[in-house]
Amino acid sequence: MRMIPVFCLLLALMCCSSGNDRFVEDPAGLLDGPARERLAGYHAVLLRDLDIHFKAVFLAGKSGDIDRTAVELFDRYRLGERTKAARGVLLVIDPVGQQVRLEIGYDLEGVFPDGFVGRVEEEQMAPFFAAGRIGAGVAATVELLVARALEAGATDPAGAGTVAPGGINGRWSGGGGATTAIRPAP
């Protein structure tokens with residue numbers, strides 16, 4: 001019975017496309033136009049329906065420390081500020097350094113614990129990236145995050161947030177998430 005709401009939301013995610021890139025940054029040019037629009041649509045629905053502020057950033061150059069880069073970007077973009085609590089998620093893809101990082105906001109750490117995030121990266125993203133299907137890998141990752149959020153009952157943010165608006169000392173994430181090595185297709 002739980003699959004019907006998941007299916008309906010995923011259908012809405014696939015059909016919704018705002019054409020607005022504010023949820024996706026791809027200076028490396030790894031996504032084509034339709035993939036970028038599809039991801040922007042996913043992210044818009046995540047914000048509207050699940051109160052999760054999601055952003056995907058594809059780095060143009062190698063990150064010396066992707067974990068630190070993710071926290072800095074998370075704070076720069078103030079992910080979670082557009083939600084009722086610190087409910088941001090940042091996906092950082094470093095194609096040159098061959099690694100990905102999912103950074104999780106304070107109020108989503110219980111929904112997306114580090115072990116879950118690491119498993120998603122290793123079992124979902126890495127195989128897609130190895131096959132050269134980066135856009136599909138990111139889309140599949142977002143679908144898993146949506147399913148997990150629905151399963152965890154994260155659709156009612158009214159009582160879910162523990163972090164006051166503005167984050168903790170102006171920070172929206174404390175480093176929760178995981179980093180995984182990826183091997184793009186040759």
# chains A, B, ... in the order shown; residues from 1 in each chain; ligands from 1

call {"tool": "select_by_dssp", "arguments": {"residues": "stretch 47-144 of chain A", "states": "alpha helix (DSSP H)", "output": "number ranges by chain"}}
result
A: 47-50, 66-77, 114-120, 126-130, 134-144

call {"tool": "write_last_selection", "arguments": {"atoms": "N, CA and C atoms", "output": "compact mmCIF listing (two decimals), in the first residue's frame"}}
result
# COMPACT_ATOMS: atom_id res chain seq x y z
N LEU A 47 11.39 20.13 -2.80
CA LEU A 47 11.20 21.30 -1.95
C LEU A 47 9.72 21.53 -1.68
N ARG A 48 8.92 21.47 -2.70
CA ARG A 48 7.49 21.77 -2.56
C ARG A 48 6.75 20.70 -1.75
N ASP A 49 6.99 19.44 -2.05
CA ASP A 49 6.18 18.36 -1.46
C ASP A 49 6.78 17.73 -0.21
N LEU A 50 8.11 17.76 -0.07
CA LEU A 50 8.75 17.10 1.06
C LEU A 50 9.52 18.07 1.95
N ILE A 66 36.86 16.92 -0.63
CA ILE A 66 35.45 17.00 -1.01
C ILE A 66 34.54 17.16 0.20
N ASP A 67 34.94 16.60 1.35
CA ASP A 67 34.12 16.73 2.56
C ASP A 67 34.04 18.20 2.98
N ARG A 68 35.18 18.86 3.02
CA ARG A 68 35.21 20.28 3.39
C ARG A 68 34.51 21.13 2.33
N THR A 69 34.75 20.80 1.06
CA THR A 69 34.08 21.53 -0.03
C THR A 69 32.58 21.43 0.12
N ALA A 70 32.06 20.24 0.44
CA ALA A 70 30.62 20.05 0.58
C ALA A 70 30.05 20.90 1.71
N VAL A 71 30.71 20.94 2.86
CA VAL A 71 30.23 21.75 3.98
C VAL A 71 30.24 23.23 3.60
N GLU A 72 31.31 23.67 2.94
CA GLU A 72 31.41 25.07 2.53
C GLU A 72 30.32 25.44 1.54
N LEU A 73 30.08 24.56 0.54
CA LEU A 73 29.02 24.83 -0.43
C LEU A 73 27.65 24.81 0.23
N PHE A 74 27.45 23.87 1.14
CA PHE A 74 26.18 23.74 1.85
C PHE A 74 25.86 25.06 2.55
N ASP A 75 26.86 25.62 3.23
CA ASP A 75 26.66 26.89 3.93
C ASP A 75 26.52 28.06 2.96
N ARG A 76 27.30 28.05 1.89
CA ARG A 76 27.22 29.14 0.91
C ARG A 76 25.83 29.20 0.29
N TYR A 77 25.28 28.04 -0.06
CA TYR A 77 23.95 27.99 -0.67
C TYR A 77 22.84 28.06 0.37
N ASP A 114 24.27 8.23 7.89
CA ASP A 114 25.49 8.05 7.10
C ASP A 114 25.55 6.68 6.41
N GLY A 115 25.14 5.63 7.09
CA GLY A 115 25.18 4.29 6.49
C GLY A 115 24.28 4.18 5.28
N PHE A 116 23.08 4.74 5.36
CA PHE A 116 22.15 4.74 4.23
C PHE A 116 22.74 5.53 3.06
N VAL A 117 23.28 6.70 3.35
CA VAL A 117 23.85 7.57 2.32
C VAL A 117 25.02 6.87 1.63
N GLY A 118 25.90 6.25 2.42
CA GLY A 118 27.03 5.53 1.84
C GLY A 118 26.59 4.38 0.94
N ARG A 119 25.57 3.67 1.38
CA ARG A 119 25.05 2.55 0.57
C ARG A 119 24.46 3.06 -0.74
N VAL A 120 23.73 4.17 -0.70
CA VAL A 120 23.17 4.75 -1.92
C VAL A 120 24.29 5.13 -2.88
N ALA A 126 27.67 4.86 -7.98
CA ALA A 126 28.92 4.35 -8.56
C ALA A 126 28.68 3.50 -9.81
N PRO A 127 27.73 2.56 -9.81
CA PRO A 127 27.53 1.78 -11.04
C PRO A 127 27.04 2.62 -12.22
N PHE A 128 26.14 3.56 -11.98
CA PHE A 128 25.67 4.43 -13.06
C PHE A 128 26.82 5.26 -13.61
N PHE A 129 27.63 5.82 -12.71
CA PHE A 129 28.75 6.66 -13.15
C PHE A 129 29.75 5.82 -13.93
N ALA A 130 30.03 4.59 -13.48
CA ALA A 130 30.97 3.71 -14.17
C ALA A 130 30.48 3.39 -15.58
N ILE A 134 25.69 9.43 -15.90
CA ILE A 134 25.73 10.30 -14.72
C ILE A 134 24.36 10.88 -14.40
N GLY A 135 23.68 11.42 -15.40
CA GLY A 135 22.35 11.99 -15.17
C GLY A 135 21.39 10.96 -14.61
N ALA A 136 21.41 9.76 -15.17
CA ALA A 136 20.54 8.69 -14.69
C ALA A 136 20.91 8.28 -13.26
N GLY A 137 22.21 8.30 -12.95
CA GLY A 137 22.64 7.95 -11.59
C GLY A 137 22.19 8.95 -10.56
N VAL A 138 22.26 10.24 -10.91
CA VAL A 138 21.79 11.27 -9.99
C VAL A 138 20.27 11.16 -9.84
N ALA A 139 19.56 10.95 -10.95
CA ALA A 139 18.10 10.82 -10.88
C ALA A 139 17.69 9.62 -10.03
N ALA A 140 18.38 8.50 -10.21
CA ALA A 140 18.07 7.31 -9.41
C ALA A 140 18.34 7.55 -7.93
N THR A 141 19.39 8.31 -7.65
CA THR A 141 19.71 8.65 -6.26
C THR A 141 18.61 9.50 -5.65
N VAL A 142 18.13 10.49 -6.39
CA VAL A 142 17.05 11.34 -5.90
C VAL A 142 15.80 10.50 -5.65
N GLU A 143 15.51 9.56 -6.53
CA GLU A 143 14.35 8.70 -6.34
C GLU A 143 14.46 7.89 -5.04
N LEU A 144 15.66 7.38 -4.75
CA LEU A 144 15.85 6.64 -3.50
C LEU A 144 15.69 7.55 -2.28

call {"tool": "atom_distance", "arguments": {"atom1": "atom CA of A:Ala86", "atom2": "atom CA of A:Gln124"}}
result
25.3 Å

call {"tool": "closest_residue", "arguments": {"among": "A:Gly88, A:Pro27, A:Gly41, A:Pro34", "to": "A:Tyr106", "atoms": "only C-alpha atoms"}}
result
A:Gly88

call {"tool": "select_by_dssp", "arguments": {"residues": "stretch 32-104 of chain A", "states": "strand (DSSP E or B)", "output": "PyMOL selection string"}}
result
chain A and resi 53-58+88-94+99-104

call {"tool": "atom_distance", "arguments": {"atom1": "atom CA of A:Phe58", "atom2": "atom CA of A:Gly153"}}
result
29.6 Å
